[in-house]
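See below for protein-v5.csv, which holds CSV, C-alpha atoms.
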chain,number,residue,atom,x,y,z
A,1,MET,CA,0.0,0.0,0.0
A,2,LYS,CA,2.9,2.3,0.8
A,3,ASP,CA,4.4,1.7,-2.6
A,4,THR,CA,1.1,2.4,-4.3
A,5,THR,CA,0.8,5.7,-2.4
A,6,PHE,CA,4.2,6.7,-3.5
A,7,THR,CA,3.5,5.9,-7.1
A,8,ARG,CA,0.3,8.0,-7.2
A,9,ARG,CA,2.1,10.9,-5.6
A,10,ALA,CA,5.0,10.6,-8.1
A,11,ALA,CA,2.4,10.5,-10.9
A,12,ILE,CA,0.7,13.6,-9.6
A,13,LEU,CA,3.9,15.5,-9.2
A,14,GLY,CA,5.1,14.4,-12.6
A,15,ALA,CA,1.9,15.6,-14.2
A,16,ALA,CA,2.3,19.0,-12.5
A,17,ALA,CA,5.8,19.3,-13.7
A,18,LEU,CA,5.0,18.7,-17.4
A,19,PRO,CA,4.2,22.3,-18.3
A,20,ALA,CA,7.5,23.5,-16.7
A,21,ILE,CA,9.4,20.8,-18.6
A,22,ARG,CA,7.8,21.9,-21.8
A,23,ASN,CA,8.6,25.5,-21.1
A,24,ALA,CA,12.2,24.7,-20.4
A,25,ALA,CA,12.4,22.7,-23.6
A,26,ALA,CA,10.9,25.6,-25.5
A,27,GLN,CA,13.4,28.0,-23.9
A,28,ALA,CA,16.3,25.7,-24.8
A,29,ARG,CA,15.3,25.9,-28.5
A,30,PRO,CA,17.1,28.8,-30.2
A,31,ARG,CA,15.1,31.8,-31.1
A,32,ALA,CA,15.7,33.6,-34.3
A,33,VAL,CA,18.0,36.6,-33.8
A,34,VAL,CA,19.8,39.0,-36.1
A,35,ILE,CA,22.3,41.6,-35.1
A,36,SER,CA,24.3,44.2,-37.0
A,37,SER,CA,26.3,47.4,-36.7
A,38,ALA,CA,24.1,50.5,-36.3
A,39,ASN,CA,25.1,52.5,-39.5
A,40,ARG,CA,23.6,55.7,-40.8
A,41,ASN,CA,20.1,56.3,-41.9
A,42,ASN,CA,18.8,53.3,-39.9
A,43,GLY,CA,20.9,51.1,-42.0
A,44,GLY,CA,21.5,48.5,-39.3
A,45,VAL,CA,17.9,48.5,-38.2
A,46,ASN,CA,16.7,48.0,-41.8
A,47,CYS,CA,19.3,45.3,-42.4
A,48,CYS,CA,18.2,43.3,-39.4
A,49,ALA,CA,14.5,43.7,-40.3
A,50,LYS,CA,15.1,42.4,-43.8
A,51,ALA,CA,17.2,39.5,-42.6
A,52,MET,CA,14.6,38.5,-40.0
A,53,GLU,CA,11.9,38.6,-42.7
A,54,ILE,CA,13.8,36.0,-44.7
A,55,LEU,CA,14.5,33.8,-41.7
A,56,LYS,CA,10.8,33.8,-40.7
A,57,ALA,CA,9.9,32.8,-44.3
A,58,GLY,CA,12.2,29.8,-43.9
A,59,GLY,CA,15.2,31.2,-45.9
A,60,ASP,CA,18.8,30.3,-45.4
A,61,THR,CA,20.7,32.3,-42.9
A,62,LEU,CA,23.3,33.4,-45.5
A,63,ASP,CA,20.6,34.5,-47.8
A,64,ALA,CA,19.2,36.6,-44.9
A,65,VAL,CA,22.4,38.4,-43.8
A,66,ILE,CA,23.4,39.2,-47.4
A,67,ALA,CA,20.0,40.6,-48.3
A,68,GLY,CA,20.2,42.7,-45.2
A,69,VAL,CA,23.6,44.3,-45.9
A,70,ASN,CA,22.6,44.7,-49.6
A,71,ILE,CA,20.3,47.5,-48.4
A,72,VAL,CA,23.3,49.4,-47.0
A,73,GLU,CA,25.6,48.5,-49.9
A,74,LEU,CA,23.1,50.1,-52.3
A,75,ASP,CA,22.4,53.2,-50.3
A,76,PRO,CA,24.5,56.1,-51.6
A,77,ARG,CA,23.9,58.0,-48.3
A,78,ASP,CA,26.1,55.6,-46.3
A,79,SER,CA,29.6,56.7,-47.3
A,80,SER,CA,31.3,53.7,-45.5
A,81,VAL,CA,29.8,50.8,-47.5
A,82,GLY,CA,29.2,50.0,-51.2
A,83,TYR,CA,27.9,52.5,-53.6
A,84,GLY,CA,28.8,56.0,-52.5
A,85,GLY,CA,31.6,54.8,-50.2
A,86,LEU,CA,34.4,57.2,-49.8
A,87,PRO,CA,37.2,56.4,-52.2
A,88,ASN,CA,41.0,55.8,-52.0
A,89,GLU,CA,43.5,58.6,-52.4
A,90,GLU,CA,43.1,58.4,-56.2
A,91,GLY,CA,39.4,58.9,-56.0
A,92,VAL,CA,38.5,55.3,-56.8
A,93,VAL,CA,36.1,53.3,-54.6
A,94,GLU,CA,37.5,49.9,-53.5
A,95,LEU,CA,35.2,47.5,-51.6
A,96,ASP,CA,35.9,44.6,-49.3
A,97,SER,CA,33.6,41.8,-48.0
A,98,SER,CA,33.6,38.4,-46.4
A,99,CYS,CA,30.9,35.9,-45.5
A,100,MET,CA,30.6,32.6,-43.6
A,101,HIS,CA,27.9,30.0,-43.8
A,102,GLY,CA,27.6,28.1,-40.5
A,103,PRO,CA,25.8,24.9,-41.7
A,104,SER,CA,28.4,24.2,-44.4
A,105,ARG,CA,31.3,25.7,-42.4
A,106,ARG,CA,32.5,27.5,-45.5
A,107,GLY,CA,33.5,31.1,-46.3
A,108,GLY,CA,34.4,33.5,-49.1
A,109,ALA,CA,35.9,37.0,-49.4
A,110,VAL,CA,36.9,39.7,-51.8
A,111,GLY,CA,39.3,42.6,-51.3
A,112,ALA,CA,40.0,45.9,-53.2
A,113,LEU,CA,37.1,45.1,-55.5
A,114,ARG,CA,36.2,48.0,-57.9
A,115,ASN,CA,33.0,48.8,-59.9
A,116,ILE,CA,30.7,46.3,-58.2
A,117,LYS,CA,28.0,47.7,-55.8
A,118,THR,CA,27.4,44.5,-53.8
A,119,PRO,CA,30.8,42.9,-52.9
A,120,SER,CA,29.0,40.7,-50.3
A,121,LYS,CA,27.3,38.8,-53.2
A,122,VAL,CA,30.7,38.4,-54.9
A,123,ALA,CA,32.2,37.0,-51.7
A,124,ARG,CA,29.4,34.5,-51.6
A,125,MET,CA,30.2,33.5,-55.2
A,126,VAL,CA,33.8,33.0,-54.3
A,127,MET,CA,32.6,30.6,-51.5
A,128,GLU,CA,30.2,28.7,-53.7
A,129,GLN,CA,31.8,28.7,-57.2
A,130,THR,CA,35.5,28.4,-56.5
A,131,ASP,CA,37.9,26.3,-54.6
A,132,HIS,CA,39.4,29.5,-53.1
A,133,MET,CA,38.6,31.5,-50.0
A,134,MET,CA,39.5,35.0,-51.2
A,135,LEU,CA,40.0,37.0,-54.4
A,136,VAL,CA,41.4,40.5,-54.6
A,137,GLY,CA,41.9,43.4,-57.0
A,138,GLU,CA,41.7,42.8,-60.7
A,139,GLY,CA,41.2,39.1,-60.2
A,140,ALA,CA,38.2,39.7,-58.0
A,141,LEU,CA,36.7,42.1,-60.7
A,142,ARG,CA,37.3,39.6,-63.5
A,143,PHE,CA,35.6,36.9,-61.4
A,144,ALA,CA,32.7,39.2,-60.7
A,145,ARG,CA,32.3,39.9,-64.4
A,146,ALA,CA,32.4,36.1,-65.2
A,147,MET,CA,29.6,35.6,-62.6
A,148,GLY,CA,27.5,38.2,-64.4
A,149,PHE,CA,27.9,41.2,-62.1
A,150,LYS,CA,27.4,44.6,-63.8
A,151,GLU,CA,30.2,47.1,-63.6
A,152,GLU,CA,29.1,50.6,-62.4
A,153,ASP,CA,30.8,53.8,-61.3
A,154,LEU,CA,30.6,53.7,-57.5
A,155,LEU,CA,31.6,57.4,-56.9
A,156,THR,CA,28.6,59.7,-56.2
A,157,GLU,CA,28.7,63.5,-56.4
A,158,GLU,CA,28.7,63.6,-52.6
A,159,SER,CA,31.6,61.3,-52.3
A,160,ARG,CA,33.5,63.1,-55.1
A,161,LEU,CA,32.9,66.4,-53.2
A,162,GLN,CA,34.4,64.9,-50.0
A,163,TRP,CA,37.4,63.4,-51.9
A,164,LEU,CA,38.1,66.8,-53.5
A,165,THR,CA,37.8,68.5,-50.1
A,166,TRP,CA,40.4,66.0,-48.7
A,167,LYS,CA,42.7,66.7,-51.7
A,168,LYS,CA,42.5,70.4,-51.2
A,169,SER,CA,43.1,70.1,-47.5
A,170,LEU,CA,46.5,68.5,-48.0
A,171,ARG,CA,49.7,70.6,-47.6
A,172,ASP,CA,53.4,70.0,-47.9
A,173,GLY,CA,56.0,71.3,-45.5
A,174,SER,CA,55.8,74.7,-47.0
A,175,GLY,CA,52.0,74.8,-47.0
A,176,HIS,CA,51.7,74.2,-50.7
A,177,ASN,CA,49.1,72.0,-52.4
A,178,ASN,CA,48.9,71.3,-56.2
A,179,TRP,CA,45.1,71.1,-55.9
A,180,GLY,CA,44.8,74.7,-54.7
A,181,PRO,CA,44.3,77.8,-56.8
A,182,GLY,CA,48.1,78.2,-57.4
A,183,ILE,CA,50.9,80.2,-55.9
A,184,ASP,CA,50.2,83.1,-58.2
A,185,ALA,CA,46.6,83.4,-57.0
A,186,PRO,CA,45.6,86.1,-54.5
A,187,PRO,CA,46.5,85.1,-50.9
A,188,SER,CA,43.7,83.4,-49.0
A,189,GLU,CA,42.8,83.6,-45.3
A,190,GLN,CA,42.4,80.5,-43.2
A,191,ARG,CA,42.9,77.1,-44.7
A,192,LYS,CA,39.5,75.6,-43.9
A,193,ALA,CA,37.5,78.6,-45.1
A,194,ALA,CA,39.5,78.8,-48.3
A,195,VAL,CA,39.1,75.1,-49.1
A,196,LEU,CA,35.4,75.1,-48.4
A,197,ARG,CA,34.8,78.2,-50.5
A,198,GLU,CA,36.5,76.5,-53.5
A,199,ILE,CA,34.4,73.4,-52.9
A,200,LYS,CA,31.2,75.5,-52.7
A,201,GLU,CA,32.0,77.1,-56.0
A,202,MET,CA,32.4,73.6,-57.6
A,203,PHE,CA,29.3,72.2,-55.9
A,204,PRO,CA,26.9,75.2,-55.5
A,205,ASN,CA,24.0,73.0,-54.3
A,206,ALA,CA,26.0,71.4,-51.5
A,207,SER,CA,24.5,71.9,-48.1
A,208,GLU,CA,26.4,73.4,-45.2
A,209,GLU,CA,26.0,70.1,-43.4
A,210,LEU,CA,27.7,68.2,-46.2
A,211,LEU,CA,30.5,70.7,-46.4
A,212,ALA,CA,31.1,70.4,-42.6
A,213,GLU,CA,31.1,66.6,-42.9
A,214,ALA,CA,33.5,66.8,-45.8
A,215,TRP,CA,36.0,68.9,-43.8
A,216,GLU,CA,35.7,66.6,-40.8
A,217,ASN,CA,36.3,63.5,-42.9
A,218,ALA,CA,39.2,65.2,-44.7
A,219,ILE,CA,41.0,65.9,-41.4
A,220,HIS,CA,39.9,62.7,-39.6
A,221,PRO,CA,39.5,60.0,-42.3
A,222,PRO,CA,36.5,57.8,-41.3
A,223,HIS,CA,36.1,54.1,-41.1
A,224,GLY,CA,32.8,52.4,-41.7
A,225,THR,CA,31.5,49.0,-42.5
A,226,ILE,CA,28.4,46.9,-41.7
A,227,ASN,CA,28.6,43.5,-40.0
A,228,CYS,CA,25.5,41.3,-39.8
A,229,ILE,CA,25.1,37.9,-38.0
A,230,ALA,CA,22.0,35.7,-38.0
A,231,LEU,CA,20.7,32.7,-36.0
A,232,ASN,CA,17.6,30.8,-37.0
A,233,GLU,CA,15.2,28.6,-35.0
A,234,LYS,CA,17.1,25.5,-36.1
A,235,GLY,CA,20.3,26.8,-34.6
A,236,GLU,CA,21.9,27.6,-38.0
A,237,MET,CA,24.1,30.7,-38.3
A,238,SER,CA,25.7,32.8,-40.9
A,239,ALA,CA,27.5,36.2,-41.0
A,240,VAL,CA,28.8,38.8,-43.4
A,241,THR,CA,30.9,42.0,-43.3
A,242,THR,CA,31.1,44.5,-46.1
A,243,THR,CA,32.8,47.9,-46.4
A,244,SER,CA,34.4,50.6,-48.5
A,245,GLY,CA,37.2,50.7,-46.0
A,246,LEU,CA,39.3,53.6,-44.7
A,247,ALA,CA,38.7,56.9,-46.6
A,248,TRP,CA,41.6,58.2,-48.7
A,249,LYS,CA,43.5,54.9,-48.3
A,250,ILE,CA,46.5,53.9,-50.4
A,251,PRO,CA,45.1,52.0,-53.4
A,252,GLY,CA,45.0,48.3,-52.6
A,253,ARG,CA,44.8,48.8,-48.9
A,254,VAL,CA,42.7,46.0,-47.3
A,255,GLY,CA,41.5,46.2,-43.7
A,256,ASP,CA,40.0,43.6,-41.5
A,257,SER,CA,36.5,43.3,-43.1
A,258,PRO,CA,37.4,40.7,-45.8
A,259,ILE,CA,39.8,38.8,-43.5
A,260,VAL,CA,38.2,35.7,-42.2
A,261,GLY,CA,39.2,35.5,-38.5
A,262,GLY,CA,39.8,39.3,-38.4
A,263,GLY,CA,36.7,41.3,-39.3
A,264,LEU,CA,34.5,38.2,-39.3
A,265,TRP,CA,34.4,34.8,-37.8
A,266,LEU,CA,31.7,32.2,-37.2
A,267,ASP,CA,31.7,28.7,-35.6
A,268,GLN,CA,28.4,26.9,-36.0
A,269,ASP,CA,28.9,25.3,-32.6
A,270,VAL,CA,29.6,28.5,-30.7
A,271,GLY,CA,28.5,31.7,-32.4
A,272,GLY,CA,29.7,34.5,-34.6
A,273,ALA,CA,31.5,37.9,-34.3
A,274,GLY,CA,32.3,40.8,-36.5
A,275,SER,CA,33.9,44.3,-36.3
A,276,THR,CA,33.7,47.8,-37.6
A,277,GLY,CA,36.2,50.6,-37.1
A,278,ARG,CA,39.9,50.7,-37.5
A,279,GLY,CA,40.8,47.4,-39.1
A,280,GLU,CA,44.5,47.6,-38.6
A,281,GLU,CA,44.1,47.4,-34.8
A,282,ASN,CA,41.5,44.7,-35.0
A,283,LEU,CA,43.8,42.6,-37.2
A,284,ARG,CA,46.6,42.8,-34.5
A,285,VAL,CA,44.4,40.8,-32.1
A,286,CYS,CA,42.5,38.7,-34.7
A,287,GLY,CA,39.4,40.2,-33.1
A,288,ALA,CA,36.4,38.3,-34.5
A,289,HIS,CA,38.2,34.9,-33.9
A,290,THR,CA,39.2,36.0,-30.4
A,291,VAL,CA,35.7,36.9,-29.5
A,292,VAL,CA,34.3,33.6,-30.7
A,293,GLU,CA,37.0,31.6,-28.9
A,294,ASN,CA,36.3,33.6,-25.7
A,295,MET,CA,32.6,32.5,-26.0
A,296,ARG,CA,33.8,28.9,-26.6
A,297,HIS,CA,35.5,29.1,-23.2
A,298,GLY,CA,32.4,30.3,-21.4
A,299,MET,CA,32.5,34.1,-21.7
A,300,ALA,CA,29.2,35.9,-22.3
A,301,PRO,CA,29.2,37.9,-25.6
A,302,LYS,CA,29.7,41.3,-24.0
A,303,ASP,CA,32.6,40.0,-21.9
A,304,ALA,CA,34.1,38.2,-24.9
A,305,CYS,CA,34.0,41.5,-26.9
A,306,LEU,CA,35.4,43.6,-24.0
A,307,ASP,CA,38.3,41.1,-23.6
A,308,ALA,CA,39.2,41.6,-27.3
A,309,LEU,CA,39.1,45.4,-26.8
A,310,LYS,CA,41.4,45.1,-23.8
A,311,ARG,CA,43.9,43.3,-26.0
A,312,VAL,CA,43.8,46.2,-28.4
A,313,SER,CA,44.3,48.6,-25.5
A,314,ARG,CA,47.2,46.5,-24.2
A,315,ASN,CA,49.0,47.0,-27.6
A,316,PHE,CA,49.1,50.7,-26.7
A,317,ASN,CA,50.2,50.1,-23.1
A,318,ASP,CA,46.7,51.2,-22.1
A,319,ASP,CA,47.7,54.8,-23.0
A,320,LEU,CA,44.4,56.6,-23.4
A,321,LYS,CA,46.0,59.5,-25.3
A,322,ARG,CA,47.3,57.1,-28.0
A,323,LEU,CA,44.0,55.2,-28.0
A,324,GLU,CA,41.9,58.4,-28.3
A,325,PRO,CA,41.7,58.6,-32.1
A,326,ILE,CA,40.9,54.9,-32.5
A,327,ASP,CA,37.3,53.9,-33.2
A,328,LEU,CA,36.7,50.1,-32.9
A,329,ASN,CA,33.5,48.1,-32.3
A,330,PHE,CA,32.8,44.4,-31.9
A,331,TYR,CA,29.5,42.5,-32.3
A,332,ALA,CA,28.8,39.0,-31.1
A,333,LEU,CA,25.9,36.5,-31.3
A,334,ARG,CA,26.1,33.3,-29.4
A,335,LYS,CA,24.5,30.0,-30.4
A,336,ASP,CA,21.9,30.3,-27.7
A,337,GLY,CA,20.8,33.7,-29.0
A,338,GLU,CA,22.5,36.0,-26.4
A,339,CYS,CA,24.2,38.9,-28.2
A,340,ALA,CA,26.1,42.1,-27.5
A,341,GLY,CA,27.8,45.1,-29.1
A,342,ALA,CA,31.0,46.5,-27.6
A,343,ALA,CA,33.0,49.6,-28.3
A,344,LEU,CA,36.5,50.8,-27.4
A,345,TRP,CA,35.0,54.2,-26.5
A,346,ASN,CA,31.5,55.1,-25.3
A,347,LYS,CA,31.3,57.6,-28.3
A,348,ALA,CA,33.1,57.6,-31.6
A,349,SER,CA,34.4,61.1,-30.9
A,350,VAL,CA,34.0,63.9,-28.3
A,351,ASN,CA,31.5,65.7,-30.6
A,352,ALA,CA,29.4,62.5,-31.3
A,353,THR,CA,25.7,63.1,-30.5
A,354,ARG,CA,25.0,59.5,-29.4
A,355,GLY,CA,26.8,56.7,-27.7
A,356,ALA,CA,27.9,53.4,-29.3
A,357,GLN,CA,25.0,51.2,-30.4
A,358,PHE,CA,24.2,48.2,-32.5
A,359,ALA,CA,21.0,46.9,-34.2
A,360,VAL,CA,19.1,43.8,-33.2
A,361,CYS,CA,15.9,42.0,-34.1
A,362,ARG,CA,14.7,39.1,-31.9
A,363,ASP,CA,12.3,36.4,-33.1
A,364,GLY,CA,10.4,38.5,-35.5
A,365,GLY,CA,9.9,41.4,-33.2
A,366,GLU,CA,10.7,45.0,-34.0
A,367,SER,CA,14.2,45.8,-35.2
A,368,ARG,CA,15.8,48.4,-33.1
A,369,GLN,CA,19.0,49.8,-31.8
A,370,GLU,CA,20.5,49.0,-28.4
A,371,ASN,CA,23.4,50.4,-26.5
A,372,SER,CA,26.8,48.8,-26.7
A,373,VAL,CA,28.9,48.2,-23.7
A,374,PHE,CA,32.3,50.0,-23.8
A,375,LEU,CA,35.8,49.9,-22.4
A,376,TYR,CA,36.6,53.6,-22.0
A,377,GLU,CA,34.5,56.7,-21.6
A,378,ARG,CA,35.3,60.0,-23.3
A,379,LYS,CA,35.2,63.0,-20.9
Encoded form using structure tokens:
Amino acid sequence: MKDTTFTRRAAILGAAALPAIRNAAAQARPRAVVISSANRNNGGVNCCAKAMEILKAGGDTLDAVIAGVNIVELDPRDSSVGYGGLPNEEGVVELDSSCMHGPSRRGGAVGALRNIKTPSKVARMVMEQTDHMMLVGEGALRFARAMGFKEEDLLTEESRLQWLTWKKSLRDGSGHNNWGPGIDAPPSEQRKAAVLREIKEMFPNASEELLAEAWENAIHPPHGTINCIALNEKGEMSAVTTTSGLAWKIPGRVGDSPIVGGGLWLDQDVGGAGSTGRGEENLRVCGAHTVVENMRHGMAPKDACLDALKRVSRNFNDDLKRLEPIDLNFYALRKDGECAGAALWNKASVNATRGAQFAVCRDGGESRQENSVFLYERK
């Protein structure tokens, strides 16, 4: 009789526990999540929304992230990515991109690619249609042509204005610049005012806001980039990074964005990470790979990113004065759906109007921006 009573009690308790067990099982199943860098004009928010739309329709995770970043690649208002990206020192736009597909554990990349608006799609073609991991320069362009991509001029009037502003802002040791009005011209007053007056004459419809941005970018060459990582409900992941790189760079310069393990890394069993900002400093710590390995060893995404940023800081002996001009951000998405964005500084510059952020869309909800954690705070 005692045994029977125990069995009935166990059955009752077991029945009561079933809903909790079911809830736990549901929570253990991955939820669809997409994250990306924030970018201008709600680029990151729109990117995540598009990627989530494809995930919820049952699309592949790589289809999702590439469709997401295509929005920014094709937006001429974002001067750090794709069409309208700020050019190299010769006035030519060169694009870089890499992608990784978690389920097949494959990747592809292109560097210093000219005349193609969507380098992320070409990176995918390298992954799918070749036995290589990366193509660069003229070889990447020839491959893109062979794959049917259309060549187009990537320099917009706005990016040309900014390039000319940079050219005119340069001076040699004696203060001379071949791109100025000439040594026989009447003397001009201050350098900035003189340059912007010349640019205004060349581009009479340019707004004061654009002229101010052009001068700031001439003096402090900007970085850009968009990184996007996706996780679907089956636990499959993919990631992509695409950029026009550092403004006014030496032709052929390649940063971290197309370097698998630098500006992008993904391990289907652990998670993915990507970066935006100064690629040279990220490459010195193999940032994306470092973040994913940190997560492999049990770190939460935010801690994994902060650790990578501490390694960057260590390379400068934690000297905040030397670190001050460096803008660097990491983004991480773990296999269980936990994510984070992290920045070296709370703001990209002293004059920045907002703090570091990243975009995220969870399980089909509204795509929005969230605050990134940061290593150092600008006073």
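Here atom CA of A:Lys335 stands at a distance of 6.7 Å from atom CA of A:Gly235.
The space between atom CA of A:Arg311 and atom CA of A:Gly341 spans 16.5 Å.
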Check your understanding: Taking (17.6, 44.0, -35.3) in the file's coordinates as the center, which residues reach within 6 Å of it, counting all atoms listed in the file, put as an NGL selection string?
Key -> :A and (34-35 or 45 or 48-49 or 359-361 or 367-368)
Residues of stretch 98-156 of chain A that have any atom at most 8 Å from an atom of stretch 89-93 of chain A: could you tabulate them with the shortest-distance atom pair and the distance in Å to one decimal, using all atoms listed in the file, ordered by chain and increasing number, as CSV?
residue,atom,partner,partner_atom,distance
A:Arg114,CA,A:Val93,CA,6.2
A:Asn115,CA,A:Val93,CA,7.6
A:Leu154,CA,A:Val93,CA,6.2
A:Leu155,CA,A:Val93,CA,6.5
Check your understanding: Got a sec: who's within 12 Å of A:Gly245, counting only C-alpha atoms, leaving out chain neighbours fewer than 6 positions off, as number ranges by chain?
Key -> A: 79-82, 84-89, 92-97, 111-113, 221-226, 251-258, 263, 276-280
Please identify all polymer residues within 12 Å of A:Arg145, counting only C-alpha atoms, omitting same-chain residues fewer than 2 positions from it, and present them as a compact mmCIF listing (two decimals) with C-alpha atoms, in the coordinates of the input.
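Generated file (part-v6.txt):
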# COMPACT_ATOMS: atom_id res chain seq x y z
CA LEU A 113 37.10 45.10 -55.50
CA ARG A 114 36.20 48.00 -57.90
CA ASN A 115 33.00 48.80 -59.90
CA ILE A 116 30.70 46.30 -58.20
CA PRO A 119 30.80 42.90 -52.90
CA VAL A 122 30.70 38.40 -54.90
CA MET A 125 30.20 33.50 -55.20
CA GLU A 138 41.70 42.80 -60.70
CA GLY A 139 41.20 39.10 -60.20
CA ALA A 140 38.20 39.70 -58.00
CA LEU A 141 36.70 42.10 -60.70
CA ARG A 142 37.30 39.60 -63.50
CA PHE A 143 35.60 36.90 -61.40
CA MET A 147 29.60 35.60 -62.60
CA GLY A 148 27.50 38.20 -64.40
CA PHE A 149 27.90 41.20 -62.10
CA LYS A 150 27.40 44.60 -63.80
CA GLU A 151 30.20 47.10 -63.60
CA GLU A 152 29.10 50.60 -62.40
Exercise for review: Determine, counting all atoms listed in the file, which protein, DNA and RNA residues have an atom within 10 Å of an atom of A:Val65; residues of the same chain fewer than 3 positions away are not included. Present the result as JSON, numbers by chain.
Suggested key: {"A": [34, 35, 36, 47, 48, 50, 51, 52, 54, 55, 60, 61, 62, 68, 69, 70, 99, 120, 227, 228, 229, 230, 231, 237, 238, 239, 240, 241]}
Could you write stretch 65-80 of chain A of the block just shown to a file containing N, CA and C atoms, as a PDB file, in the first residue's frame?
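Below is the file out_6.pdb, written as the result:
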ATOM      1  N   VAL A  65      21.410  37.347 -44.197  1.00  0.00           N
ATOM      2  CA  VAL A  65      22.360  38.410 -43.836  1.00  0.00           C
ATOM      3  C   VAL A  65      22.837  39.174 -45.069  1.00  0.00           C
ATOM      4  N   ILE A  66      22.990  38.483 -46.195  1.00  0.00           N
ATOM      5  CA  ILE A  66      23.435  39.187 -47.396  1.00  0.00           C
ATOM      6  C   ILE A  66      22.342  40.110 -47.919  1.00  0.00           C
ATOM      7  N   ALA A  67      21.099  39.667 -47.896  1.00  0.00           N
ATOM      8  CA  ALA A  67      19.994  40.551 -48.299  1.00  0.00           C
ATOM      9  C   ALA A  67      19.923  41.758 -47.383  1.00  0.00           C
ATOM     10  N   GLY A  68      20.225  41.552 -46.107  1.00  0.00           N
ATOM     11  CA  GLY A  68      20.211  42.655 -45.153  1.00  0.00           C
ATOM     12  C   GLY A  68      21.260  43.701 -45.473  1.00  0.00           C
ATOM     13  N   VAL A  69      22.508  43.275 -45.662  1.00  0.00           N
ATOM     14  CA  VAL A  69      23.572  44.256 -45.913  1.00  0.00           C
ATOM     15  C   VAL A  69      23.486  44.855 -47.312  1.00  0.00           C
ATOM     16  N   ASN A  70      22.809  44.170 -48.231  1.00  0.00           N
ATOM     17  CA  ASN A  70      22.620  44.746 -49.567  1.00  0.00           C
ATOM     18  C   ASN A  70      21.903  46.087 -49.498  1.00  0.00           C
ATOM     19  N   ILE A  71      21.014  46.254 -48.522  1.00  0.00           N
ATOM     20  CA  ILE A  71      20.298  47.517 -48.361  1.00  0.00           C
ATOM     21  C   ILE A  71      21.285  48.652 -48.163  1.00  0.00           C
ATOM     22  N   VAL A  72      22.294  48.411 -47.338  1.00  0.00           N
ATOM     23  CA  VAL A  72      23.293  49.445 -47.033  1.00  0.00           C
ATOM     24  C   VAL A  72      24.295  49.580 -48.174  1.00  0.00           C
ATOM     25  N   GLU A  73      24.677  48.462 -48.781  1.00  0.00           N
ATOM     26  CA  GLU A  73      25.600  48.528 -49.917  1.00  0.00           C
ATOM     27  C   GLU A  73      25.038  49.377 -51.051  1.00  0.00           C
ATOM     28  N   LEU A  74      23.740  49.339 -51.243  1.00  0.00           N
ATOM     29  CA  LEU A  74      23.105  50.052 -52.347  1.00  0.00           C
ATOM     30  C   LEU A  74      22.641  51.455 -51.970  1.00  0.00           C
ATOM     31  N   ASP A  75      22.809  51.840 -50.719  1.00  0.00           N
ATOM     32  CA  ASP A  75      22.367  53.157 -50.257  1.00  0.00           C
ATOM     33  C   ASP A  75      23.507  54.163 -50.406  1.00  0.00           C
ATOM     34  N   PRO A  76      23.407  55.103 -51.341  1.00  0.00           N
ATOM     35  CA  PRO A  76      24.502  56.060 -51.555  1.00  0.00           C
ATOM     36  C   PRO A  76      24.703  57.019 -50.397  1.00  0.00           C
ATOM     37  N   ARG A  77      23.764  57.063 -49.456  1.00  0.00           N
ATOM     38  CA  ARG A  77      23.897  57.974 -48.317  1.00  0.00           C
ATOM     39  C   ARG A  77      24.858  57.441 -47.264  1.00  0.00           C
ATOM     40  N   ASP A  78      25.122  56.141 -47.282  1.00  0.00           N
ATOM     41  CA  ASP A  78      26.093  55.573 -46.343  1.00  0.00           C
ATOM     42  C   ASP A  78      27.452  55.580 -47.017  1.00  0.00           C
ATOM     43  N   SER A  79      28.313  56.486 -46.597  1.00  0.00           N
ATOM     44  CA  SER A  79      29.601  56.681 -47.270  1.00  0.00           C
ATOM     45  C   SER A  79      30.675  55.712 -46.805  1.00  0.00           C
ATOM     46  N   SER A  80      30.293  54.691 -46.042  1.00  0.00           N
ATOM     47  CA  SER A  80      31.278  53.733 -45.544  1.00  0.00           C
ATOM     48  C   SER A  80      31.110  52.342 -46.135  1.00  0.00           C
TER      49      SER A  80
END
